[in-house]
Amino acid sequence: MLTYEEFRLFSELIYQESGIYLKENRKDFLESRLVKRMLATGITSPYWYYKLVSEKKESELLLLLDLLTVNETSLFRNKPQIDLFRNVILPDLTERKQAGGDRNLKIWSAGCSTGEEPYTIAMEVCEAVPGCSGWDIRIFASDLSMTALEIAVRGEYTGVKVHATTEDYYIGRYFEKNGDGYRVKDALKKMIVFDFHNLKNDNGLGGLDVIFCRNVMIYFDEQEQRKLVARFWNSLNPGGYLLLGHAESLHGWDTGFQFIYDNKGTAYRKDERQEGNHHLRQKEMK
Ligand SMILES: C[S@@+](CC[C@H](N)C(=O)[O-])C[C@H]1O[C@@H](n2cnc3c(N)ncnc32)[C@H](O)[C@@H]1O
């Protein structure tokens, strides 16, 4: 039903507006999502639906993008990386900050999906800074999918999901029973600010200590990935950290980020000695 010309129109619009890059082999996938929105809007021709989406970027386009996102996630996803966050990154940040009399910690979960990632971050921060007493701790969590964000804000998960990756110690401290499943305790929820944000655009966040952007860049092409990483560089404090997904890497890019590896966990540290704008160093390394 969807012609190649129509596929090209939609994929260009989607790329332009969200950075999500749909290769030609994703035509059936796009078609299946379009059908849902076309039925909901009562439009029978893909071209007329394209016109609607182009005109209503604040509403219909967002509904379509929501259907195109892959929201797979889990609590304590990529355990070695979470161990690195707990055992290396948080002690480094809290020690350095305490030495400098700074008691602010700002962390961003960019592409937070249904909330498991920011809740994991909040649990580890609570463990590293017991009671969070005397600290101003802010965790921002954002996503393009409103459906995912609604689940994130509720913080309710099935028992199977929670038990699959969460140790009993954490369940006992940070969750309460909710029927057959669990709900994140209010104290943990209160540490996180959830918001809609399209990573294609800058959101003005700065002075960040850690950015988690895991399993999001894989949906972007290299050009958009580089722009995103440049924005992350500018948003991070010197000595701040960027955590990417296990299939994502800055390997071969001259970014100024220093690669950190510990016990299979990986991260990138904004090298304090590097100055200037990261954009200027975006040359491919030989
Ligand atoms: C596979 S999930 C990853 C969730 C979590 N970071 C993790 O690693 O478990 C990818 C998330 O990225 C979001 N996403 C994709 N494109 C985005 C964009 N342009 N702006 C913001 N979020 C985006 C999707 O909505 C989805 O929730």
# chains A, B, ... in the order shown; residues from 1 in each chain; ligands from 1
call {"tool": "residues_around", "arguments": {"residues": "stretch 117-134 of chain A", "least_positions_apart": "4", "cutoff": "9 Å", "atoms": "only C-alpha atoms", "output": "JSON, numbers by chain"}}
result
{"A": [73, 74, 75, 76, 77, 82, 85, 86, 87, 90, 91, 94, 103, 107, 108, 109, 112, 113, 139, 140, 141, 152, 155, 170, 173, 174, 184, 188, 189, 191, 192, 212]}
call {"tool": "residues_near_ligand", "arguments": {"ligand": "ligand 1", "cutoff": "6 Å", "atoms": "only C-alpha atoms and all ligand atoms", "output": "PyMOL selection string"}}
result
chain A and resi 18-20+69-74+111-113+117+143-145+197-200+213-216
call {"tool": "residues_around", "arguments": {"residues": "A:His246", "least_positions_apart": "6", "cutoff": "10 Å", "atoms": "only C-alpha atoms", "output": "list in words"}}
result
Asn78, Gln81, Arg214, Asn215, Lys264, Gly265, Thr266 and Ala267 of chain A
call {"tool": "write_last_selection", "arguments": {"atoms": "all heavy atoms", "output": "compact mmCIF listing (two decimals), in the first residue's frame"}}
result
# COMPACT_ATOMS: atom_id res chain seq x y z
N ASN A 78 22.04 -3.32 31.78
CA ASN A 78 23.50 -3.31 31.61
C ASN A 78 24.17 -3.20 32.99
O ASN A 78 24.75 -2.17 33.33
CB ASN A 78 23.92 -2.15 30.68
CG ASN A 78 25.37 -2.28 30.25
OD1 ASN A 78 26.15 -3.03 30.85
ND2 ASN A 78 25.74 -1.54 29.22
N GLN A 81 27.61 -1.70 33.68
CA GLN A 81 27.68 -0.23 33.56
C GLN A 81 27.08 0.44 34.81
O GLN A 81 27.58 1.46 35.28
CB GLN A 81 26.90 0.20 32.31
CG GLN A 81 27.21 1.61 31.89
CD GLN A 81 26.52 1.96 30.59
OE1 GLN A 81 25.39 1.53 30.36
NE2 GLN A 81 27.18 2.72 29.75
N ARG A 214 21.27 5.93 26.71
CA ARG A 214 21.58 4.54 26.34
C ARG A 214 20.51 3.99 25.42
O ARG A 214 19.31 4.14 25.66
CB ARG A 214 21.69 3.70 27.61
CG ARG A 214 22.70 4.29 28.60
CD ARG A 214 22.97 3.38 29.77
NE ARG A 214 21.79 2.97 30.49
CZ ARG A 214 21.76 1.96 31.35
NH1 ARG A 214 22.85 1.25 31.58
NH2 ARG A 214 20.64 1.65 31.98
N ASN A 215 20.98 3.37 24.36
CA ASN A 215 20.08 2.69 23.41
C ASN A 215 19.09 3.65 22.76
O ASN A 215 17.92 3.31 22.54
CB ASN A 215 19.36 1.53 24.12
CG ASN A 215 20.35 0.63 24.84
OD1 ASN A 215 21.20 0.03 24.21
ND2 ASN A 215 20.28 0.59 26.15
N LYS A 264 33.94 -4.67 32.55
CA LYS A 264 32.93 -4.76 31.47
C LYS A 264 31.95 -3.58 31.43
O LYS A 264 31.06 -3.53 30.59
CB LYS A 264 32.13 -6.07 31.53
CG LYS A 264 32.99 -7.28 31.29
CD LYS A 264 32.11 -8.50 31.12
CE LYS A 264 32.94 -9.75 30.93
NZ LYS A 264 32.27 -10.95 31.35
N GLY A 265 32.08 -2.65 32.36
CA GLY A 265 31.23 -1.44 32.32
C GLY A 265 31.98 -0.34 31.58
O GLY A 265 33.19 -0.19 31.74
N THR A 266 31.26 0.43 30.76
CA THR A 266 31.93 1.48 29.99
C THR A 266 31.23 2.83 30.17
O THR A 266 30.03 2.90 30.42
CB THR A 266 31.95 1.16 28.48
OG1 THR A 266 30.59 1.07 28.02
CG2 THR A 266 32.68 -0.13 28.18
N ALA A 267 32.05 3.89 30.02
CA ALA A 267 31.51 5.26 30.09
C ALA A 267 32.51 6.18 29.41
O ALA A 267 33.61 5.76 29.01
CB ALA A 267 31.31 5.67 31.55
call {"tool": "select_by_dssp", "arguments": {"residues": "stretch 65-275 of chain A", "states": "helix (DSSP H, G or I)", "output": "number ranges by chain"}}
result
A: 65-68, 79-99, 116-128, 130-132, 146-154, 159-165, 168-174, 186-189, 217-219, 222-235
call {"tool": "closest_atom_pairs", "arguments": {"of": "stretch 186-240 of chain A", "to": "stretch 21-34 of chain A", "cutoff": "9 Å", "atoms": "only C-alpha atoms", "output": "Markdown table"}}
result
| residue | atom | partner | partner_atom | distance |
| --- | --- | --- | --- | --- |
| A:Tyr219 | CA | A:Tyr21 | CA | 6.0 |
| A:Phe220 | CA | A:Tyr21 | CA | 5.3 |
| A:Asp221 | CA | A:Tyr21 | CA | 6.0 |
